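Enquirer: Sending over entry-v9.cif (mmCIF, C-alpha atoms).
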```cif
data_query
loop_
_atom_site.label_atom_id
_atom_site.label_comp_id
_atom_site.auth_asym_id
_atom_site.auth_seq_id
_atom_site.Cartn_x
_atom_site.Cartn_y
_atom_site.Cartn_z
CA MET A 3 24.85 33.92 18.33
CA VAL A 4 21.13 34.78 18.18
CA PHE A 5 21.17 34.21 14.41
CA LYS A 6 22.86 30.83 14.85
CA ARG A 7 20.27 29.77 17.40
CA MET A 8 17.50 30.80 15.02
CA MET A 9 19.06 28.84 12.15
CA ARG A 10 19.41 25.78 14.38
CA ALA A 11 15.73 26.04 15.23
CA PHE A 12 15.05 25.61 11.50
CA GLY A 13 17.34 22.61 11.27
CA VAL A 14 20.20 24.43 9.58
CA GLY A 15 23.54 22.84 10.38
CA GLY A 16 21.90 19.94 12.21
CA PRO A 17 22.25 16.21 11.52
CA THR A 18 21.05 14.77 8.21
CA VAL A 19 19.66 11.34 7.57
CA ASP A 20 19.84 8.89 4.68
CA THR A 21 18.17 5.48 4.76
CA VAL A 22 19.69 2.75 2.60
CA LEU A 23 17.59 -0.32 1.91
CA THR A 24 19.28 -3.67 1.29
CA ASN A 25 16.54 -4.39 -1.26
CA PRO A 26 13.51 -2.12 -1.86
CA ASN A 27 11.57 -5.05 -3.35
CA VAL A 28 9.40 -6.96 -0.89
CA ARG A 29 6.18 -8.93 -0.58
CA PRO A 30 3.47 -8.51 2.07
CA GLY A 31 4.47 -10.16 5.34
CA GLU A 32 8.18 -10.06 4.54
CA VAL A 33 10.87 -7.85 6.08
CA LEU A 34 12.56 -4.71 4.77
CA SER A 35 16.13 -4.43 5.99
CA GLY A 36 18.77 -1.75 5.72
CA GLU A 37 20.42 0.94 7.76
CA VAL A 38 19.69 4.50 8.77
CA ARG A 39 22.80 6.63 8.25
CA ILE A 40 23.03 9.81 10.30
CA ALA A 41 25.63 12.45 9.52
CA GLY A 42 26.38 14.90 12.33
CA GLY A 43 26.04 18.60 11.54
CA ASP A 44 28.17 21.53 12.66
CA HIS A 45 27.03 21.36 16.28
CA PRO A 46 26.14 18.58 18.76
CA ALA A 47 22.53 17.43 18.47
CA GLU A 48 20.41 15.24 20.70
CA ILE A 49 18.13 12.94 18.71
CA ASP A 50 15.15 11.84 20.80
CA HIS A 51 13.79 9.27 18.33
CA VAL A 52 14.61 7.68 14.99
CA THR A 53 11.44 6.25 13.49
CA LEU A 54 10.59 4.49 10.24
CA ALA A 55 7.08 4.67 8.82
CA LEU A 56 5.42 2.97 5.85
CA LEU A 57 3.08 5.32 4.02
CA THR A 58 0.88 5.38 0.95
CA ARG A 59 -1.67 7.59 -0.82
CA VAL A 60 -5.24 7.02 0.33
CA GLU A 61 -8.47 8.40 -1.12
CA VAL A 62 -10.79 9.79 1.54
CA GLU A 63 -14.49 10.52 1.06
CA SER A 64 -15.80 13.30 3.25
CA GLY A 65 -19.41 14.22 2.62
CA ASP A 66 -19.67 15.08 -1.07
CA ASN A 67 -15.94 15.65 -1.40
CA GLU A 68 -13.02 13.35 -2.12
CA TYR A 69 -9.36 14.04 -1.51
CA ASN A 70 -6.08 12.15 -1.39
CA THR A 71 -3.77 12.15 1.59
CA ASN A 72 -0.56 10.43 2.67
CA MET A 73 -1.34 7.90 5.37
CA GLU A 74 1.11 6.13 7.65
CA PHE A 75 0.06 2.53 8.20
CA HIS A 76 3.01 1.07 10.10
CA LYS A 77 5.64 2.68 12.38
CA PHE A 78 8.82 1.18 13.73
CA SER A 79 11.34 2.61 16.20
CA VAL A 80 15.00 2.28 15.20
CA GLY A 81 16.66 4.19 18.03
CA GLN A 82 16.21 6.81 20.72
CA ARG A 83 18.25 9.21 22.85
CA ILE A 84 21.17 9.38 20.42
CA MET A 85 23.81 12.09 20.64
CA ALA A 86 25.17 13.07 17.23
CA GLN A 87 28.49 14.87 17.58
CA PRO A 88 29.63 17.37 14.93
CA HIS A 89 30.47 15.60 11.65
CA GLN A 90 30.08 12.17 13.27
CA ASN A 91 28.74 9.33 11.10
CA LEU A 92 26.33 6.91 12.74
CA SER A 93 24.71 3.77 11.33
CA LEU A 94 21.57 2.14 12.74
CA PRO A 95 20.70 -1.23 11.16
CA PHE A 96 17.02 -2.22 11.05
CA GLN A 97 14.54 -4.86 9.98
CA ILE A 98 10.98 -3.63 9.61
CA PRO A 99 8.15 -6.14 9.07
CA VAL A 100 5.79 -5.27 6.21
CA PRO A 101 2.12 -5.81 7.16
CA ILE A 102 0.52 -8.83 5.49
CA GLU A 103 -2.25 -6.49 4.24
CA CYS A 104 0.19 -4.09 2.59
CA PRO A 105 -1.10 -2.89 -0.80
CA LEU A 106 0.74 -3.83 -3.98
CA ASN A 107 2.41 -1.44 -6.40
CA VAL A 108 4.19 -3.87 -8.75
CA VAL A 109 2.52 -6.71 -10.68
CA GLY A 110 4.37 -8.77 -13.27
CA GLY A 111 7.28 -6.34 -13.13
CA MET A 112 5.01 -3.41 -13.99
CA GLN A 113 4.38 -0.53 -11.61
CA LEU A 114 0.68 -0.08 -10.91
CA SER A 115 -0.47 3.33 -12.07
CA GLY A 116 -1.78 5.40 -9.18
CA MET A 117 -0.01 3.47 -6.43
CA GLN A 118 2.70 5.08 -4.31
CA LEU A 119 4.40 3.37 -1.39
CA GLY A 120 7.34 4.66 0.59
CA LEU A 121 9.44 4.27 3.71
CA ARG A 122 9.84 7.54 5.59
CA THR A 123 12.62 8.12 8.09
CA GLU A 124 11.92 10.64 10.84
CA LEU A 125 14.48 12.18 13.18
CA GLU A 126 13.08 13.90 16.22
CA VAL A 127 15.86 16.35 16.99
CA ARG A 128 15.57 18.31 20.21
CA GLY A 129 15.07 21.99 19.57
CA ALA A 130 14.90 21.77 15.77
CA VAL A 131 12.59 20.96 12.87
CA ASP A 132 12.75 17.25 11.97
CA PRO A 133 14.89 16.42 8.98
CA GLY A 134 13.59 13.39 7.14
CA ASP A 135 14.11 10.99 4.27
CA LEU A 136 11.64 9.20 1.96
CA ASP A 137 12.52 6.09 -0.02
CA PRO A 138 10.22 4.32 -2.49
CA ILE A 139 9.51 0.64 -1.90
CA TRP A 140 8.20 -1.90 -4.39
CA VAL A 141 5.66 -4.37 -3.04
CA HIS A 142 5.11 -7.45 -5.20
CA PRO A 143 2.23 -9.94 -4.87
CA LEU A 144 2.34 -13.08 -2.79
CA PRO A 145 2.16 -16.33 -4.84
CA SER A 146 -1.49 -16.67 -3.80
CA GLN A 147 -2.30 -13.14 -4.99
CA ASP A 148 -0.29 -13.65 -8.16
CA ALA A 149 -2.40 -16.69 -9.05
CA VAL A 150 -5.52 -14.50 -9.08
CA LEU A 151 -3.82 -11.68 -10.99
CA GLN A 152 -2.51 -14.08 -13.63
CA ALA A 153 -6.05 -15.36 -14.18
CA PHE A 154 -7.23 -11.79 -14.82
CA GLY A 155 -4.49 -11.40 -17.43
CA GLN A 156 -5.20 -14.76 -19.09
CA MET A 157 -8.91 -13.94 -19.37
CA GLY A 158 -8.22 -10.67 -21.18
CA PHE A 159 -9.01 -8.17 -18.41
CA ARG A 160 -7.21 -4.85 -18.95
CA PHE A 161 -5.74 -3.04 -15.96
CA THR A 162 -6.83 0.60 -15.68
CA LYS A 163 -5.63 1.90 -12.31
CA ALA A 164 -5.23 1.11 -8.64
CA ASP A 165 -5.86 3.16 -5.53
CA ASN A 166 -6.44 2.88 -1.81
CA GLU A 167 -9.80 3.75 -0.26
CA ARG A 168 -10.18 4.69 3.38
CA GLY A 169 -12.79 2.51 5.06
CA ARG A 170 -13.54 -1.12 5.78
CA ILE A 171 -15.06 -4.00 3.87
CA HIS A 172 -17.75 -5.79 5.83
CA GLY A 173 -17.27 -9.48 6.50
CA VAL A 174 -13.51 -9.81 6.03
CA PRO A 175 -10.74 -9.72 8.68
CA GLN A 176 -9.37 -6.35 7.59
CA GLN A 177 -6.83 -4.73 9.93
CA LEU A 178 -5.65 -1.62 8.07
CA PRO A 179 -7.91 1.48 7.95
CA PHE A 180 -7.98 1.33 4.14
CA TYR A 181 -8.17 -1.24 1.34
CA GLN A 182 -6.70 -1.39 -2.14
CA GLU A 183 -8.81 -1.53 -5.30
CA ILE A 184 -7.20 -2.79 -8.52
CA GLU A 185 -9.47 -1.83 -11.40
CA PHE A 186 -9.88 -3.63 -14.73
CA TYR A 187 -11.90 -3.30 -17.90
CA PRO A 188 -13.61 -6.65 -18.59
CA PRO A 189 -12.77 -8.87 -21.57
CA PRO A 190 -14.88 -8.41 -24.74
CA GLN A 191 -17.41 -11.17 -23.96
CA PHE A 192 -18.54 -9.29 -20.83
CA ALA A 193 -17.90 -5.68 -21.89
CA GLY A 194 -21.46 -5.10 -23.06
CA ARG A 195 -22.90 -5.84 -19.63
CA VAL A 196 -20.10 -4.90 -17.20
CA LYS A 197 -18.27 -1.54 -17.23
CA GLN A 198 -15.40 -2.51 -14.94
CA VAL A 199 -14.34 -4.90 -12.21
CA GLU A 200 -12.50 -3.98 -9.02
CA LEU A 201 -10.29 -6.54 -7.26
CA THR A 202 -9.39 -6.26 -3.57
CA PHE A 203 -7.16 -8.59 -1.55
CA VAL A 204 -7.51 -8.85 2.23
CA THR A 205 -4.81 -11.15 3.56
CA THR A 206 -4.04 -12.81 6.86
CA PRO A 207 -0.98 -14.96 7.61
CA THR A 208 -3.01 -18.07 6.68
CA GLU A 209 -5.80 -16.91 4.35
CA LEU A 210 -6.41 -14.95 1.18
CA HIS A 211 -9.73 -13.14 0.87
CA VAL A 212 -10.59 -12.09 -2.68
CA VAL A 213 -13.30 -9.43 -3.03
CA LEU A 214 -14.68 -8.64 -6.49
CA GLU A 215 -16.98 -5.77 -7.41
CA ALA A 216 -18.55 -5.48 -10.87
CA ASP A 217 -20.06 -2.23 -12.12
CA LYS A 218 -22.95 -3.46 -14.25
CA ARG A 219 -24.28 -1.58 -17.24
CA ALA A 220 -27.99 -0.87 -17.37
CA GLY A 221 -29.91 -2.42 -20.27
CA LEU A 222 -33.41 -2.71 -21.67
CA LEU A 223 -34.39 -5.55 -19.32
CA ARG A 224 -31.85 -5.09 -16.57
CA ALA A 225 -30.84 -2.43 -14.12
CA GLY A 226 -27.28 -1.30 -13.57
CA GLY A 227 -25.55 -1.36 -10.22
CA ASP A 228 -22.81 -3.15 -8.34
CA ALA A 229 -22.48 -6.89 -7.88
CA TYR A 230 -20.09 -8.47 -5.41
CA GLY A 231 -18.21 -11.74 -5.11
CA ARG A 232 -16.13 -13.04 -2.22
CA PHE A 233 -13.81 -15.99 -2.00
CA ALA A 234 -11.75 -17.09 1.02
CA VAL A 235 -9.09 -19.80 0.75
CA SER A 236 -5.77 -20.64 2.35
CA HIS A 237 -2.67 -19.30 0.62
CA GLN A 238 -1.77 -22.85 -0.37
CA GLN A 239 -5.22 -23.52 -1.80
CA ALA A 240 -5.13 -20.22 -3.69
CA VAL A 241 -2.03 -21.26 -5.60
CA GLY A 242 -3.76 -24.46 -6.76
CA THR A 243 -7.18 -22.93 -7.52
CA ASP A 244 -8.38 -22.59 -11.12
CA TRP A 245 -9.07 -18.88 -10.81
CA THR A 246 -9.82 -18.52 -14.51
CA ALA A 247 -12.78 -20.89 -14.15
CA THR A 248 -13.85 -19.33 -10.83
CA ILE A 249 -13.80 -15.75 -12.13
CA ASN A 250 -15.39 -16.73 -15.44
CA GLN A 251 -18.27 -18.41 -13.61
CA TRP A 252 -18.79 -15.37 -11.40
CA MET A 253 -18.64 -12.98 -14.35
CA SER A 254 -21.17 -15.11 -16.25
CA GLN A 255 -23.56 -14.97 -13.30
CA VAL A 256 -23.10 -11.22 -12.88
CA SER A 257 -23.52 -10.35 -16.54
CA GLY A 258 -26.45 -12.70 -17.03
CA SER A 259 -28.47 -11.75 -13.96
CA ARG A 260 -31.44 -9.40 -14.26
CA TRP A 261 -31.84 -6.87 -11.48
#
```
Please re-express this file's structure in structure tokens.

Expert:
Amino acid sequence: MVFKRMMRAFGVGGPTVDTVLTNPNVRPGEVLSGEVRIAGGDHPAEIDHVTLALLTRVEVESGDNEYNTNMEFHKFSVGQRIMAQPHQNLSLPFQIPVPIECPLNVVGGMQLSGMQLGLRTELEVRGAVDPGDLDPIWVHPLPSQDAVLQAFGQMGFRFTKADNERGRIHGVPQQLPFYQEIEFYPPPQFAGRVKQVELTFVTTPTELHVVLEADKRAGLLRAGGDAYGRFAVSHQQAVGTDWTATINQWMSQVSGSRW
């Protein structure tokens, strides 16, 4: 009996959880739907909470050090005070809204290297270690974001990697405690003066904020350093904007300026 109690305390023989998504593909601001399936163990178990959480990898700078950590950026309660009888099967349907600022991890059908996004299911079982479940999700760009990304591709930018940085960008209506950077090598006509360009989207339900950062190469008559560009338009305007011309003009100014 003592051994059984000890094993229960470590979650052995308790309920297990499996989350099934209707469709793991989603865009920022849309809804993920599915059901949390709980299978009862070999003894009755009281489940205090069933919670879903969106999480991603975030780079954190601390002094002179950098490290990556999993960060939850949205939590959603599916159920509470549930009694799971031995070998009983329970199903809890859900719809969880995806934040409009959610980072992207798929562009043009290609997974972005360095980007991980998942939906974690947490069972808070009384008197035992929480069993859990983690499911990958695939976040695709909004049409407004896709218009900008397509321009980068048409201009000959080459994607290198993407990551999330903890912190805030001044002057934009950022809500999450981190922002995504999508990094590109510039096309040949700018490669001699610009090392790379980082693209960040900060979205609201009505607006798209595009933040560009160019890492400039130092030269005989110019200093290196970072140059920034910011553009704010409605989602509707973004779809109709000639981003190729806009980005080309900004790149020309950045690469031609002498600091």

Enquirer: Name the residues that the PyMOL selection byres ((chain A and resi 242-258) around 10) pulls out of this structure, and write them as a count of residues only.

Expert: 40

Enquirer: What is the distance, in Å and to one decimal place, between atom CA of Gln113 of chain A and atom CA of Pro95 of chain A?

Expert: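 Going from atom CA of Gln113 of chain A over to atom CA of Pro95 of chain A covers 28.0 Å.
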
Enquirer: Report the residues retrieved by the PyMOL selection byres ((chain A and resi 79-93) around 9) from the displayed file, expressed as an MDAnalysis selection string.

Expert: chainID A and resid 16:17 37:55 77:78 94:97 126

Enquirer: Atom CA of Thr205 of chain A to atom CA of His172 of chain A: how many Å, to one decimal?

Expert: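 Those two atoms sit 14.2 Å apart.
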
Enquirer: Let me make sure I understand: among A:Pro190, A:Pro143, A:Gly173, A:Pro26, which one has the smallest atom-to-atom distance to Val109 of chain A if we use all atoms listed in the file?

Expert: A:Pro143

Enquirer: In Å to one decimal, how far is atom CA of Asp20 of chain A from atom CA of Leu121 of chain A?

Expert: 11.4 Å

Enquirer: My list of candidates is A:Val174, A:Ala234, A:Val19, A:Cys104. Which is closest to Gly120 of chain A when distances are computed with only C-alpha atoms?

Expert: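 Comparing A:Val174, A:Ala234, A:Val19, A:Cys104 against Gly120 of chain A, the winner is A:Cys104.
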
Enquirer: Between A:Leu178, A:Val127, A:Gly111, A:Ile102, which residue has the minimum interatomic distance to Glu209 of chain A, considering only C-alpha atoms?

Expert: A:Ile102

Enquirer: What are the nearest atom pairs, with distances in Å to one decimal, for all residues of segment 148-196 of chain A that come at most 8 Å from segment 57-75 of chain A, using all atoms listed in the file, set out by chain and rising residue number as a Markdown table?

Expert:
```
| residue | atom | partner | partner_atom | distance |
| --- | --- | --- | --- | --- |
| A:Asp165 | CA | A:Val60 | CA | 7.0 |
| A:Asn166 | CA | A:Val60 | CA | 4.8 |
| A:Glu167 | CA | A:Glu61 | CA | 4.9 |
| A:Arg168 | CA | A:Val62 | CA | 5.5 |
| A:Leu178 | CA | A:Phe75 | CA | 7.1 |
| A:Phe180 | CA | A:Val60 | CA | 7.4 |
```

Enquirer: Quick one: write out the picked residues with C-alpha atoms as a PDB file, in the coordinates of the input?

Expert:
```
ATOM      1  CA  ASP A 165      -5.860   3.160  -5.530  1.00  0.00           C
ATOM      2  CA  ASN A 166      -6.440   2.880  -1.810  1.00  0.00           C
ATOM      3  CA  GLU A 167      -9.800   3.750  -0.260  1.00  0.00           C
ATOM      4  CA  ARG A 168     -10.180   4.690   3.380  1.00  0.00           C
ATOM      5  CA  LEU A 178      -5.650  -1.620   8.070  1.00  0.00           C
ATOM      6  CA  PHE A 180      -7.980   1.330   4.140  1.00  0.00           C
TER       7      PHE A 180
END
```

Enquirer: Identify the residues around (-0.8, -4.2, -4.4) within a radius of 8 Å, measuring from only C-alpha atoms in the coordinates stated by the file, and give them as a PyMOL selection string.

Expert: chain A and resi 104-109+114+117+141-143+182+184

Enquirer: Identify the residues within 10 Å of coordinate (-1.5, -11.0, 4.8) (same frame as the file), considering all atoms listed in the file, and give the answer as JSON, numbers by chain.

Expert: {"A": [29, 30, 31, 32, 100, 101, 102, 103, 104, 105, 144, 176, 177, 203, 204, 205, 206, 207, 208, 209, 210, 211, 237]}

Enquirer: For the file shown, what are the residues hit by the PyMOL selection byres ((chain A and resi 35) around 7), laid out as a ChimeraX atom specification?

Expert: /A:23-24,33-34,36,96-98
